[in-house]
Every structure is written in structure tokens, then in C-alpha cells.
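Here is the file coords.cif (mmCIF, C-alpha atoms).
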data_query
loop_
_atom_site.group_PDB
_atom_site.id
_atom_site.type_symbol
_atom_site.label_atom_id
_atom_site.label_comp_id
_atom_site.auth_asym_id
_atom_site.auth_seq_id
_atom_site.Cartn_x
_atom_site.Cartn_y
_atom_site.Cartn_z
ATOM 1 C CA MET A 263 -13.186 24.223 42.506
ATOM 2 C CA LYS A 264 -13.077 21.229 40.185
ATOM 3 C CA THR A 265 -15.990 18.814 40.229
ATOM 4 C CA THR A 266 -15.434 15.147 41.002
ATOM 5 C CA PHE A 267 -18.206 14.029 38.628
ATOM 6 C CA PRO A 268 -15.960 13.237 35.609
ATOM 7 C CA ILE A 269 -13.566 11.202 37.768
ATOM 8 C CA VAL A 270 -16.346 9.254 39.468
ATOM 9 C CA LEU A 271 -18.099 8.605 36.157
ATOM 10 C CA LYS A 272 -14.977 7.303 34.439
ATOM 11 C CA GLU A 273 -14.054 5.034 37.365
ATOM 12 C CA LEU A 274 -17.564 3.574 37.532
ATOM 13 C CA ARG A 275 -17.550 2.877 33.776
ATOM 14 C CA LYS A 276 -14.117 1.263 33.892
ATOM 15 C CA ASN A 277 -15.157 -0.806 36.901
ATOM 16 C CA GLU A 278 -18.029 -2.240 34.835
ATOM 17 C CA ASN A 279 -15.699 -2.887 31.847
ATOM 18 C CA LEU A 280 -17.861 -0.755 29.572
ATOM 19 C CA THR A 281 -16.779 1.502 26.727
ATOM 20 C CA GLN A 282 -17.961 5.069 26.419
ATOM 21 C CA LYS A 283 -20.045 4.024 23.412
ATOM 22 C CA GLN A 284 -21.701 1.208 25.347
ATOM 23 C CA VAL A 285 -22.658 3.551 28.188
ATOM 24 C CA GLY A 286 -23.908 6.148 25.707
ATOM 25 C CA ASP A 287 -26.049 3.537 23.961
ATOM 26 C CA ILE A 288 -27.497 2.322 27.275
ATOM 27 C CA ILE A 289 -28.440 5.799 28.512
ATOM 28 C CA GLY A 290 -29.471 7.130 25.094
ATOM 29 C CA VAL A 291 -26.744 9.647 24.303
ATOM 30 C CA SER A 292 -23.984 9.633 21.705
ATOM 31 C CA GLN A 293 -20.489 8.430 22.548
ATOM 32 C CA ARG A 294 -19.324 11.999 21.963
ATOM 33 C CA ALA A 295 -21.814 13.402 24.491
ATOM 34 C CA TYR A 296 -20.866 10.773 27.045
ATOM 35 C CA SER A 297 -17.159 11.431 26.468
ATOM 36 C CA SER A 298 -17.756 15.116 27.170
ATOM 37 C CA TYR A 299 -19.219 14.162 30.588
ATOM 38 C CA GLU A 300 -16.070 12.204 31.462
ATOM 39 C CA ASN A 301 -13.860 15.036 30.235
ATOM 40 C CA GLY A 302 -15.769 17.596 32.274
ATOM 41 C CA ASP A 303 -16.664 19.598 29.168
ATOM 42 C CA ARG A 304 -20.409 19.095 29.549
ATOM 43 C CA GLU A 305 -22.878 18.270 32.316
ATOM 44 C CA PRO A 306 -25.681 15.753 31.797
ATOM 45 C CA SER A 307 -29.350 16.634 32.156
ATOM 46 C CA LEU A 308 -31.101 15.539 35.349
ATOM 47 C CA SER A 309 -32.743 12.727 33.408
ATOM 48 C CA THR A 310 -29.384 11.509 32.087
ATOM 49 C CA LEU A 311 -27.839 11.828 35.547
ATOM 50 C CA SER A 312 -30.643 9.634 36.884
ATOM 51 C CA ASP A 313 -30.045 7.091 34.092
ATOM 52 C CA LEU A 314 -26.328 6.985 34.931
ATOM 53 C CA ALA A 315 -27.074 6.432 38.615
ATOM 54 C CA LYS A 316 -29.425 3.548 37.736
ATOM 55 C CA LEU A 317 -26.905 2.016 35.346
ATOM 56 C CA PHE A 318 -24.075 2.063 37.871
ATOM 57 C CA GLN A 319 -26.404 1.318 40.810
ATOM 58 C CA VAL A 320 -25.271 4.294 42.875
ATOM 59 C CA PRO A 321 -27.192 7.262 44.281
ATOM 60 C CA VAL A 322 -27.107 10.435 42.204
ATOM 61 C CA ASP A 323 -25.476 12.025 45.235
ATOM 62 C CA PHE A 324 -22.520 9.649 44.829
ATOM 63 C CA LEU A 325 -22.109 10.620 41.171
ATOM 64 C CA ILE A 326 -21.928 14.323 41.930
ATOM 65 C CA GLY A 327 -19.638 14.003 44.931
ATOM 66 C CA GLY A 328 -22.171 14.571 47.687
ATOM 67 C CA PHE A 329 -20.798 11.514 49.502
ATOM 68 C CA LEU A 330 -17.621 13.397 50.345
ATOM 69 C CA TRP A 331 -19.121 14.986 53.466
ATOM 70 C CA ALA A 332 -18.739 11.602 55.174
ATOM 71 C CA VAL A 333 -14.959 11.749 54.873
ATOM 72 C CA ASP A 334 -14.713 14.912 56.940
ATOM 73 C CA PRO A 335 -18.097 16.396 57.918
ATOM 74 C CA ASN A 336 -16.473 19.371 59.662
ATOM 75 C CA TYR A 337 -14.612 20.521 56.575
ATOM 76 C CA LYS A 338 -16.781 22.382 54.057
ATOM 77 C CA GLU A 339 -14.419 22.236 51.086
ATOM 78 C CA VAL A 340 -13.584 18.546 51.219
ATOM 79 C CA THR A 341 -12.555 18.331 47.589
ATOM 80 C CA GLU A 342 -9.973 21.069 48.053
ATOM 81 C CA HIS A 343 -8.841 19.700 51.418
ATOM 82 C CA TYR A 344 -8.072 16.274 49.946
ATOM 83 C CA ASN A 345 -7.096 17.580 46.511
ATOM 84 C CA ILE A 346 -9.761 15.473 44.791
ATOM 85 C CA SER A 347 -8.738 16.814 41.379
ATOM 86 C CA ASN A 348 -5.760 14.499 41.884
ATOM 87 C CA THR A 349 -6.791 10.968 40.871
ATOM 88 C CA LYS A 350 -4.515 9.323 43.449
ATOM 89 C CA ALA A 351 -6.056 11.389 46.237
ATOM 90 C CA PHE A 352 -9.523 10.584 44.937
ATOM 91 C CA ALA A 353 -8.740 6.856 45.056
ATOM 92 C CA GLN A 354 -7.675 7.348 48.671
ATOM 93 C CA THR A 355 -10.996 9.072 49.380
ATOM 94 C CA LEU A 356 -12.876 6.129 47.901
ATOM 95 C CA LYS A 357 -10.855 3.776 50.125
ATOM 96 C CA GLN A 358 -11.986 5.829 53.108
ATOM 97 C CA MET A 359 -15.600 5.496 51.974
ATOM 98 C CA VAL A 360 -15.215 1.716 51.767
ATOM 99 C CA GLU A 361 -13.686 1.716 55.243
ATOM 100 C CA LEU A 362 -16.590 3.747 56.623
ATOM 101 C CA ALA A 363 -19.073 1.331 55.035
ATOM 102 C CA ARG A 364 -17.185 -1.682 56.450
ATOM 103 C CA ALA A 365 -17.139 -0.164 59.913
ATOM 104 C CA SER A 366 -20.865 0.592 59.814
ATOM 105 C CA ILE A 367 -21.593 -3.048 58.905
ATOM 106 C CA THR A 368 -19.278 -4.586 61.507
ATOM 107 C CA GLY A 369 -19.900 -2.011 64.222
ATOM 108 C CA GLU A 370 -16.159 -1.458 64.576
ATOM 109 C CA GLU A 371 -14.422 1.900 64.738
ATOM 110 C CA PRO A 372 -13.435 3.003 61.208
ATOM 111 C CA VAL A 373 -9.756 3.355 60.332
ATOM 112 C CA ASN A 374 -8.761 6.773 59.013
ATOM 113 C CA VAL A 375 -6.877 5.784 55.866
ATOM 114 C CA PHE A 376 -5.543 9.318 55.518
ATOM 115 C CA GLU A 377 -3.812 9.103 58.896
ATOM 116 C CA LYS A 378 -2.683 5.543 58.223
ATOM 117 C CA ASN A 379 -0.700 6.608 55.149
ATOM 118 C CA LYS A 380 1.137 9.519 56.744
#
This structure in C-alpha cells:
Amino acid sequence: MKTTFPIVLKELRKNENLTQKQVGDIIGVSQRAYSSYENGDREPSLSTLSDLAKLFQVPVDFLIGGFLWAVDPNYKEVTEHYNISNTKAFAQTLKQMVELARASITGEEPVNVFEKNK
């Protein structure tokens, strides 16, 4: 099963309009090392993972895909179920996460964006 970490990391960096070199400089690794995280060729140390979470202001759990249980808590292999290795499907998953957050704030019933697009 493919990890979602590289996809999440790249999207967070792009969202902040940062280059790979800038992120590497901020967290204390080379641009080459950081690039290998985004390419899925290398995994960061726990310390570096923590630095990335602080930089992007997200929980470590979000970086490593642990948030995916909220999309479908009854399905153990969520990444395979929603084909998260596919960037378009991953974007759809993130939309669902935003919808769940919105619903928890407003107290409304969340919309299932997966059903909505069928």
C-alpha cells in the first residue's frame, strides 16, 4: 500500500508557496533530503517529522495519513478504498475532511462528497 505522506507533504508546501529548498532550510535538512521525502524515496526522522508538523501547523497524524479514519471509520484500508495514490482522489478526500470539520463547527450533518459526485 502506498503511503500518503509524500502527497500530503507536497500539497502543504505548495499551499504555503514555499520551495523545497526553503522548507529544507527551515527544518534543517538539505533540499535533496527534503525532495526525497516528497518523492517517497526516504522517510524523515521523528524529529524532522515533528518539525514539519510545526512548520505546516498540522498534527503529525495528519502528515502520515492518520486522519483518513474519519472519512470511513468502518473501512480499515481507507487509502486503498479511495485510491489515495491517485492525486485527484486524494484531493476529494481532503474535501471530505473539510466538510467534516465544517459540519462539526456548525452542528449540521456533514455532506458525503463521495456520494455527491457519483
Would you translate the PyMOL selection byres ((chain A and resi 305-308) around 12) into the concrete set of residues it matches in this file, as an NGL selection string?
:A and (265-268 or 271 or 286 or 289-292 or 295-304 or 309-315 or 322-323 or 325-326)
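The gap separating atom CA of Gly327 of chain A from atom CA of Val270 of chain A is 8.0 Å, in Å to one decimal.
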Rounded to one decimal in Å, what is the spacing between atom CA of Ser366 of chain A and atom CA of Lys316 of chain A?
23.9 Å
To one decimal place, how far is atom CA of Thr368 of chain A from atom CA of Thr355 of chain A in Å?
20.1 Å
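Among the candidate residues A:Ile367, A:Leu317, A:Leu274, A:Ile269, the one lying nearest to Asp287 of chain A is A:Leu317, with distances computed using only C-alpha atoms.
Using all atoms listed in the file, the nearest neighbour of Leu280 of chain A within the list A:Phe318, A:Arg294, A:Val373, A:Lys357 is A:Phe318.
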